[in-house]
>>> print(open('run.txt').read())   # compact mmCIF, C-alpha atoms and all ligand atoms
# COMPACT_ATOMS: atom_id res chain seq x y z
CA MET A 226 16.74 -0.87 -16.71
CA SER A 227 14.34 -2.92 -14.58
CA GLU A 228 12.74 -6.05 -15.95
CA THR A 229 9.02 -6.15 -16.78
CA ILE A 230 6.93 -7.83 -14.08
CA GLY A 231 3.73 -9.60 -15.04
CA THR A 232 0.71 -10.19 -12.80
CA GLU A 233 -2.69 -11.67 -13.58
CA ARG A 234 -4.08 -8.37 -14.93
CA LEU A 235 -1.09 -6.03 -15.16
CA LEU A 236 2.29 -5.56 -16.75
CA LEU A 237 4.68 -3.42 -14.69
CA ARG A 238 7.24 -2.17 -17.19
CA PRO A 239 10.00 0.46 -17.37
CA TRP A 240 8.95 3.99 -18.37
CA ARG A 241 9.58 4.99 -22.02
CA VAL A 242 11.52 8.22 -22.49
CA ASP A 243 10.92 10.72 -25.31
CA ASP A 244 7.62 9.00 -26.18
CA SER A 245 4.76 11.45 -26.69
CA ALA A 246 1.98 8.85 -26.19
CA GLU A 247 3.61 7.79 -22.91
CA ALA A 248 3.81 11.41 -21.73
CA ALA A 249 0.20 12.13 -22.77
CA SER A 250 -1.05 9.15 -20.78
CA LEU A 251 0.99 10.12 -17.72
CA PHE A 252 -0.35 13.67 -17.96
CA ARG A 253 -3.95 12.43 -18.28
CA TYR A 254 -3.81 10.76 -14.86
CA ALA A 255 -1.07 12.71 -13.03
CA SER A 256 -2.73 16.10 -13.72
CA ASP A 257 -5.58 14.99 -11.42
CA PRO A 258 -5.27 16.93 -8.13
CA GLU A 259 -6.28 13.73 -6.26
CA ILE A 260 -3.03 11.95 -7.23
CA GLY A 261 0.27 13.80 -6.76
CA PRO A 262 -0.47 15.71 -3.54
CA HIS A 263 -1.14 12.37 -1.76
CA CYS A 264 2.37 11.32 -2.83
CA GLY A 265 4.08 14.64 -2.01
CA TRP A 266 4.30 16.12 -5.53
CA ARG A 267 2.30 18.71 -7.47
CA PRO A 268 -0.21 17.75 -10.17
CA HIS A 269 1.31 17.73 -13.64
CA THR A 270 0.51 20.86 -15.64
CA SER A 271 1.58 19.99 -19.21
CA VAL A 272 2.40 17.00 -21.41
CA THR A 273 5.87 18.53 -21.88
CA GLY A 274 6.37 18.52 -18.13
CA SER A 275 5.19 14.90 -17.92
CA MET A 276 7.68 13.99 -20.68
CA ARG A 277 10.45 15.69 -18.67
CA ASP A 278 9.43 13.90 -15.44
CA ILE A 279 9.56 10.54 -17.22
CA ARG A 280 13.11 11.29 -18.36
CA ASP A 281 14.36 12.89 -15.13
CA ILE A 282 12.46 11.01 -12.39
CA LEU A 283 10.58 7.92 -13.53
CA ALA A 284 12.87 6.21 -16.03
CA VAL A 285 15.16 4.76 -13.37
CA GLU A 286 15.89 1.34 -11.95
CA ASN A 287 13.00 -0.16 -9.92
CA ASN A 288 10.38 2.32 -11.11
CA TRP A 289 7.61 0.77 -13.19
CA ALA A 290 4.72 2.08 -15.23
CA ILE A 291 1.53 0.25 -14.28
CA THR A 292 -0.18 -0.95 -17.48
CA PHE A 293 -3.07 -3.29 -18.23
CA ARG A 294 -2.81 -6.56 -20.06
CA SER A 295 -5.27 -6.66 -22.95
CA GLY A 296 -8.66 -8.04 -22.05
CA VAL A 297 -8.80 -6.95 -18.39
CA VAL A 298 -11.59 -4.71 -17.06
CA GLY A 299 -9.56 -1.51 -17.24
CA SER A 300 -8.36 -2.26 -20.76
CA GLU A 301 -10.18 -1.02 -23.85
CA GLN A 302 -9.75 -4.40 -25.51
CA SER A 303 -12.14 -5.94 -22.98
CA ASP A 304 -14.80 -3.75 -24.65
CA SER A 305 -15.45 -4.98 -28.19
CA ALA A 306 -16.64 -1.51 -29.31
CA ALA A 307 -13.21 -0.10 -28.48
CA GLY A 308 -11.19 -3.16 -29.34
CA ASP A 309 -9.07 -1.56 -32.06
CA ALA A 310 -7.63 1.25 -29.94
CA ALA A 311 -3.84 1.35 -30.13
CA PRO A 312 -1.65 2.05 -27.10
CA GLY A 313 -1.51 5.77 -26.38
CA THR A 314 -4.32 6.78 -28.72
CA THR A 315 -6.95 7.57 -26.08
CA SER A 316 -7.63 11.32 -26.30
CA LEU A 317 -7.25 13.63 -23.33
CA SER A 318 -10.99 14.22 -23.43
CA ASN A 319 -11.32 10.64 -22.13
CA ALA A 320 -9.78 11.66 -18.81
CA ALA A 321 -12.78 10.40 -16.82
CA SER A 322 -13.01 7.11 -18.76
CA ASP A 323 -12.42 3.92 -16.81
CA LYS A 324 -10.74 2.33 -19.83
CA ALA A 325 -7.14 2.57 -20.99
CA ALA A 326 -5.42 1.02 -23.98
CA PRO A 327 -3.39 -2.09 -23.13
CA GLY A 328 0.19 -1.09 -22.46
CA GLU A 329 -0.70 2.54 -21.70
CA PRO A 330 0.69 3.77 -18.35
CA VAL A 331 -2.11 4.39 -15.83
CA GLY A 332 0.02 4.63 -12.71
CA SER A 333 3.42 4.01 -11.22
CA ILE A 334 5.01 1.82 -8.57
CA ALA A 335 8.59 2.16 -7.37
CA LEU A 336 11.18 0.92 -4.90
CA LYS A 337 13.59 3.62 -3.71
CA PRO A 338 16.26 4.01 -1.03
CA VAL A 339 14.69 4.48 2.40
CA GLY A 340 13.96 8.19 2.83
CA GLU A 341 15.18 10.55 5.53
CA HIS A 342 11.64 10.90 6.95
CA ILE A 343 11.88 7.21 7.98
CA VAL A 344 15.58 7.13 8.86
CA GLY A 345 15.36 10.32 10.95
CA ALA A 346 12.24 9.22 12.83
CA VAL A 347 13.73 5.82 13.69
CA HIS A 348 17.03 7.27 14.87
CA ALA A 349 15.25 9.91 16.97
CA ASP A 350 13.47 7.31 19.13
CA PRO A 351 15.56 4.74 21.06
CA GLU A 352 12.77 2.16 21.03
CA LEU A 353 12.25 2.50 17.27
CA ALA A 354 16.02 2.50 16.76
CA SER A 355 16.43 -0.80 18.61
CA ARG A 356 13.55 -2.37 16.70
CA TYR A 357 14.17 -1.00 13.19
CA GLY A 358 17.68 0.47 13.18
CA SER A 359 19.10 -2.54 11.32
CA LEU A 360 16.40 -2.27 8.61
CA LEU A 361 17.29 1.12 7.13
CA GLY A 362 20.41 0.57 5.03
CA ASP A 363 21.06 -0.49 1.44
CA ASP A 364 19.36 -3.83 2.11
CA ALA A 365 16.03 -2.05 2.66
CA MET A 366 13.83 -0.08 0.27
CA GLU A 367 10.85 2.28 0.40
CA LEU A 368 7.72 2.07 -1.75
CA GLY A 369 5.88 4.67 -3.74
CA TYR A 370 2.78 4.08 -5.87
CA TRP A 371 -0.31 5.61 -7.43
CA ILE A 372 -2.91 4.71 -10.06
CA GLY A 373 -5.29 6.93 -12.05
CA ARG A 374 -8.58 7.69 -10.32
CA PRO A 375 -10.79 5.79 -12.83
CA PHE A 376 -9.11 2.58 -11.67
CA TRP A 377 -9.32 2.94 -7.89
CA ASN A 378 -10.78 0.22 -5.65
CA ARG A 379 -10.44 -2.68 -8.06
CA GLY A 380 -7.44 -4.23 -6.36
CA TYR A 381 -4.95 -3.13 -9.03
CA VAL A 382 -2.36 -1.53 -6.75
CA THR A 383 -2.62 -4.39 -4.25
CA GLU A 384 -1.85 -6.74 -7.16
CA ALA A 385 1.04 -4.51 -8.28
CA LEU A 386 2.41 -4.23 -4.75
CA ARG A 387 2.40 -8.00 -4.16
CA ALA A 388 4.44 -8.46 -7.34
CA THR A 389 6.78 -5.61 -6.42
CA LEU A 390 7.39 -7.06 -2.94
CA ALA A 391 8.12 -10.46 -4.51
CA HIS A 392 10.63 -8.72 -6.77
CA ALA A 393 12.23 -6.85 -3.84
CA PHE A 394 12.68 -9.99 -1.75
CA ASP A 395 13.06 -12.82 -4.25
CA THR A 396 14.95 -11.07 -7.07
CA LEU A 397 16.74 -8.15 -5.41
CA GLY A 398 17.36 -10.00 -2.13
CA LYS A 399 16.28 -7.08 0.07
CA THR A 400 15.67 -7.62 3.80
CA ALA A 401 12.85 -5.11 4.36
CA VAL A 402 10.47 -2.82 2.48
CA TRP A 403 8.98 0.31 4.05
CA GLY A 404 5.93 2.31 3.01
CA GLY A 405 4.35 5.47 4.34
CA HIS A 406 1.09 7.35 3.81
CA TYR A 407 -0.74 10.36 5.17
CA VAL A 408 -2.99 9.43 8.09
CA GLU A 409 -5.89 10.91 6.09
CA ASN A 410 -5.19 8.51 3.18
CA PRO A 411 -6.29 5.19 4.75
CA GLN A 412 -6.82 3.46 1.40
CA SER A 413 -3.07 3.48 0.87
CA GLY A 414 -2.55 1.91 4.29
CA ARG A 415 -5.17 -0.68 3.39
CA VAL A 416 -3.20 -1.64 0.25
CA MET A 417 -0.06 -2.17 2.34
CA ALA A 418 -1.95 -4.07 5.06
CA LYS A 419 -3.46 -6.42 2.44
CA CYS A 420 0.10 -7.22 1.34
CA GLY A 421 1.24 -8.05 4.88
CA MET A 422 2.92 -4.74 5.76
CA THR A 423 2.44 -4.00 9.46
CA PHE A 424 2.21 -0.65 11.23
CA ALA A 425 5.58 0.54 12.58
CA PHE A 426 5.10 4.12 13.78
CA ARG A 427 3.29 7.44 13.23
CA THR A 428 5.01 10.80 12.69
CA LYS A 429 3.57 14.25 13.36
CA GLY A 430 3.75 17.02 10.77
CA THR A 431 6.19 15.39 8.36
CA CYS A 432 7.29 18.01 5.80
CA PHE A 433 6.68 17.51 2.07
CA PRO A 434 8.72 20.30 0.49
CA LEU A 435 7.53 19.87 -3.13
CA ILE A 436 3.97 20.73 -2.08
CA ASP A 437 4.94 22.86 0.93
CA GLU A 438 2.65 20.87 3.25
CA ARG A 439 2.95 18.98 6.52
CA HIS A 440 1.11 15.73 7.22
CA ASP A 441 0.90 13.21 10.03
CA CYS A 442 2.07 9.93 8.47
CA ASP A 443 1.80 6.23 9.24
CA PHE A 444 4.75 4.04 8.29
CA ARG A 445 4.54 0.32 7.64
CA ILE A 446 7.15 -2.36 7.07
CA ILE A 447 7.49 -5.94 5.91
CA THR A 448 10.67 -7.97 6.29
CA ALA A 449 11.86 -10.74 3.98
CA VAL A 450 11.17 -13.27 6.75
CA GLN A 451 7.59 -12.01 7.17
CA TRP A 452 7.09 -12.02 3.39
CA ARG A 453 8.28 -15.62 3.06
CA THR A 454 6.11 -16.72 5.99
CA SER A 455 3.03 -15.00 4.55
CA THR A 456 3.50 -16.47 1.06
CA ARG A 457 4.49 -19.98 2.12
C1 LIG A 501 -4.08 4.61 -2.67
C2 LIG A 501 -4.21 3.98 -4.05
C3 LIG A 501 -2.83 3.71 -4.61
C4 LIG A 501 -4.98 2.66 -3.92
O1 LIG A 501 -5.00 2.02 -5.18
P1 LIG A 501 -6.17 0.99 -5.55
O2 LIG A 501 -5.79 0.25 -6.77
O3 LIG A 501 -7.45 1.73 -5.55
O4 LIG A 501 -6.10 0.03 -4.29
P2 LIG A 501 -6.84 -1.38 -4.09
O5 LIG A 501 -8.10 -1.39 -4.90
O6 LIG A 501 -5.84 -2.43 -4.34
O7 LIG A 501 -7.18 -1.34 -2.55
C5 LIG A 501 -7.82 -0.21 -1.96
C6 LIG A 501 -8.37 -0.60 -0.61
O8 LIG A 501 -8.67 0.59 0.13
C7 LIG A 501 -10.01 0.53 0.57
N1 LIG A 501 -10.49 1.91 0.70
C8 LIG A 501 -10.92 2.74 -0.25
N2 LIG A 501 -11.26 3.92 0.30
C9 LIG A 501 -11.02 3.82 1.63
C10 LIG A 501 -11.16 4.69 2.73
N3 LIG A 501 -11.62 5.94 2.60
N4 LIG A 501 -10.82 4.23 3.95
C11 LIG A 501 -10.35 2.99 4.13
N5 LIG A 501 -10.18 2.10 3.11
C12 LIG A 501 -10.53 2.52 1.89
C13 LIG A 501 -10.71 -0.28 -0.50
O9 LIG A 501 -11.97 -0.76 -0.06
C14 LIG A 501 -9.68 -1.37 -0.72
O10 LIG A 501 -9.66 -2.30 0.35
P3 LIG A 501 -10.48 -3.71 0.29
O11 LIG A 501 -9.92 -4.48 -0.88
O12 LIG A 501 -10.19 -4.34 1.61
O13 LIG A 501 -11.92 -3.38 0.08
C15 LIG A 501 -5.01 4.91 -5.01
O14 LIG A 501 -6.19 5.29 -4.38
C16 LIG A 501 -4.22 6.16 -5.41
O15 LIG A 501 -3.46 6.14 -6.36
N6 LIG A 501 -4.44 7.27 -4.67
C17 LIG A 501 -3.78 8.55 -4.97
C18 LIG A 501 -2.28 8.49 -4.79
C19 LIG A 501 -1.91 7.87 -3.48
O16 LIG A 501 -2.57 8.06 -2.47
N7 LIG A 501 -0.81 7.11 -3.50
C20 LIG A 501 -0.27 6.51 -2.30
C21 LIG A 501 0.54 7.52 -1.57
S1 LIG A 501 1.13 6.83 -0.04
>>> encode(input="run.txt", output="structure tokens", more="lines below")
Ligand SMILES: CC(C)(COP(=O)(O)OP(=O)(O)OC[C@H]1O[C@@H](n2cnc3c(N)ncnc32)[C@H](O)[C@@H]1OP(=O)(O)O)[C@@H](O)C(=O)NCCC(=O)NCCS
Amino acid sequence: MSETIGTERLLLRPWRVDDSAEAASLFRYASDPEIGPHCGWRPHTSVTGSMRDIRDILAVENNWAITFRSGVVGSEQSDSAAGDAAPGTTSLSNAASDKAAPGEPVGSIALKPVGEHIVGAVHADPELASRYGSLLGDDAMELGYWIGRPFWNRGYVTEALRATLAHAFDTLGKTAVWGGHYVENPQSGRVMAKCGMTFAFRTKGTCFPLIDERHDCDFRIITAVQWRTSTR
């Protein structure tokens, strides 16, 4: 199982299986229709389904639950009136709250093998193939991330992504990390750009079978050399 990664405000930790508080928190944020469809999956419809997704999809190597350290803005312990809340005890009726208990999962960030939508697009274009063809194998990875809507635009995913890229390059020894987002989801591109990921190419009508939709997508990349230069 992956190691926990600490940042200034966050702890990125492995997902906990068969844990009802963990599943309830995932459901609270992943049932929002503004989350999953931007990542290519359907909104969660039940806590039981969220529990199953943790076991079958999320609890794997290099997939982290995004949680708050106690005392940060998104954490209930920064608010003295709510300071005694235990992890996982926030009720579902607090779905619109911008507070979460420390340690409670409010999002996810993952490194996965580079997907066919990237590999296929690069191989289909000789210019892309000559530029990126050597950056698609086991030495490269692809990102995925999301965070609950109450926590958007506070720099949390940028902070999580910087730490995840450091892990990919400095701990796992990867040579490149890819990321992609719908053209109509520029905030995701902005997160990647802030972390030094540069535009590589745009695809037309990429198919997302789990939601039965097609989207034009922008793909970005950062290599280990670029990462080391940008953090030197
Ligand atoms: C995309 C997402 C992960 C961003 O997370 P976040 O924690 O809010 O990101 P950050 O706060 O670190 O950065 C967001 C940046 O986007 C900018 N932004 C917000 N809305 C924007 C918009 N409509 N157009 C352009 N930029 C936008 C913010 O101003 C900020 O940039 P800045 O720091 O230069 O001001 C989050 O919105 C999310 O989970 N969305 C739903 C799921 C999703 O889209 N996942 C990614 C799939 S590729």
>>> residues_near_ligand(input="run.txt", ligand="ligand LIG 501 (chain A)", cutoff="10 Å", atoms="only C-alpha atoms and all ligand atoms", output="NGL selection string")
:A and (254-255 or 257-265 or 331-334 or 368-387 or 404-420 or 442-444)
>>> closest_residue(input="run.txt", among="A:Ala365, A:Ala354, A:Ile447, A:Ala326", to="Gly340 (chain A)", atoms="all atoms listed in the file")
A:Ala365
>>> closest_atom_pairs(input="run.txt", of="region 263-366 of chain A", to="region 230-250 of chain A", cutoff="9 Å", atoms="all atoms listed in the file", output="JSON lines")
{"residue": "A:Ser271", "atom": "CA", "partner": "A:Ala249", "partner_atom": "CA", "distance": 8.7}
{"residue": "A:Val272", "atom": "CA", "partner": "A:Ala249", "partner_atom": "CA", "distance": 5.5}
{"residue": "A:Thr273", "atom": "CA", "partner": "A:Ala248", "partner_atom": "CA", "distance": 7.4}
{"residue": "A:Gly274", "atom": "CA", "partner": "A:Ala248", "partner_atom": "CA", "distance": 8.4}
{"residue": "A:Ser275", "atom": "CA", "partner": "A:Ala248", "partner_atom": "CA", "distance": 5.3}
{"residue": "A:Met276", "atom": "CA", "partner": "A:Ala248", "partner_atom": "CA", "distance": 4.8}
{"residue": "A:Arg277", "atom": "CA", "partner": "A:Asp243", "partner_atom": "CA", "distance": 8.3}
{"residue": "A:Asp278", "atom": "CA", "partner": "A:Ala248", "partner_atom": "CA", "distance": 8.8}
{"residue": "A:Ile279", "atom": "CA", "partner": "A:Val242", "partner_atom": "CA", "distance": 6.1}
{"residue": "A:Arg280", "atom": "CA", "partner": "A:Val242", "partner_atom": "CA", "distance": 5.4}
{"residue": "A:Leu283", "atom": "CA", "partner": "A:Trp240", "partner_atom": "CA", "distance": 6.4}
{"residue": "A:Ala284", "atom": "CA", "partner": "A:Trp240", "partner_atom": "CA", "distance": 5.1}
{"residue": "A:Val285", "atom": "CA", "partner": "A:Pro239", "partner_atom": "CA", "distance": 7.8}
{"residue": "A:Glu286", "atom": "CA", "partner": "A:Pro239", "partner_atom": "CA", "distance": 8.1}
{"residue": "A:Asn287", "atom": "CA", "partner": "A:Pro239", "partner_atom": "CA", "distance": 8.1}
{"residue": "A:Asn288", "atom": "CA", "partner": "A:Pro239", "partner_atom": "CA", "distance": 6.5}
{"residue": "A:Trp289", "atom": "CA", "partner": "A:Pro239", "partner_atom": "CA", "distance": 4.8}
{"residue": "A:Ala290", "atom": "CA", "partner": "A:Arg238", "partner_atom": "CA", "distance": 5.3}
{"residue": "A:Ile291", "atom": "CA", "partner": "A:Leu237", "partner_atom": "CA", "distance": 4.9}
{"residue": "A:Thr292", "atom": "CA", "partner": "A:Leu236", "partner_atom": "CA", "distance": 5.3}
{"residue": "A:Phe293", "atom": "CA", "partner": "A:Leu235", "partner_atom": "CA", "distance": 4.6}
{"residue": "A:Arg294", "atom": "CA", "partner": "A:Leu235", "partner_atom": "CA", "distance": 5.2}
{"residue": "A:Ser295", "atom": "CA", "partner": "A:Arg234", "partner_atom": "CA", "distance": 8.3}
{"residue": "A:Gly296", "atom": "CA", "partner": "A:Arg234", "partner_atom": "CA", "distance": 8.5}
{"residue": "A:Val297", "atom": "CA", "partner": "A:Arg234", "partner_atom": "CA", "distance": 6.0}
{"residue": "A:Val298", "atom": "CA", "partner": "A:Arg234", "partner_atom": "CA", "distance": 8.6}
{"residue": "A:Pro312", "atom": "CA", "partner": "A:Ala246", "partner_atom": "CA", "distance": 7.8}
{"residue": "A:Gly313", "atom": "CA", "partner": "A:Ala246", "partner_atom": "CA", "distance": 4.7}
{"residue": "A:Thr314", "atom": "CA", "partner": "A:Ala246", "partner_atom": "CA", "distance": 7.1}
{"residue": "A:Thr315", "atom": "CA", "partner": "A:Ser250", "partner_atom": "CA", "distance": 8.1}
{"residue": "A:Ser316", "atom": "CA", "partner": "A:Ala249", "partner_atom": "CA", "distance": 8.6}
{"residue": "A:Leu317", "atom": "CA", "partner": "A:Ala249", "partner_atom": "CA", "distance": 7.6}
{"residue": "A:Ala325", "atom": "CA", "partner": "A:Ser250", "partner_atom": "CA", "distance": 9.0}
{"residue": "A:Gly328", "atom": "CA", "partner": "A:Leu236", "partner_atom": "CA", "distance": 7.5}
{"residue": "A:Glu329", "atom": "CA", "partner": "A:Ser250", "partner_atom": "CA", "distance": 6.7}
{"residue": "A:Pro330", "atom": "CA", "partner": "A:Ser250", "partner_atom": "CA", "distance": 6.2}
{"residue": "A:Val331", "atom": "CA", "partner": "A:Ser250", "partner_atom": "CA", "distance": 6.9}
{"residue": "A:Ser333", "atom": "CA", "partner": "A:Leu237", "partner_atom": "CA", "distance": 8.3}
{"residue": "A:Ile334", "atom": "CA", "partner": "A:Leu237", "partner_atom": "CA", "distance": 8.1}
>>> closest_residue(input="run.txt", among="A:Ala391, A:Glu301, A:Thr431, A:Glu367", to="Gly345 (chain A)", atoms="all atoms listed in the file")
A:Thr431
>>> atom_distance(input="run.txt", atom1="CA of Gly421 (chain A)", atom2="CA of Pro351 (chain A)")
25.1 Å
>>> atom_distance(input="run.txt", atom1="CA of Met226 (chain A)", atom2="CA of Phe252 (chain A)")
22.5 Å
>>> atom_distance(input="run.txt", atom1="CA of Ser227 (chain A)", atom2="CA of Leu251 (chain A)")
18.9 Å
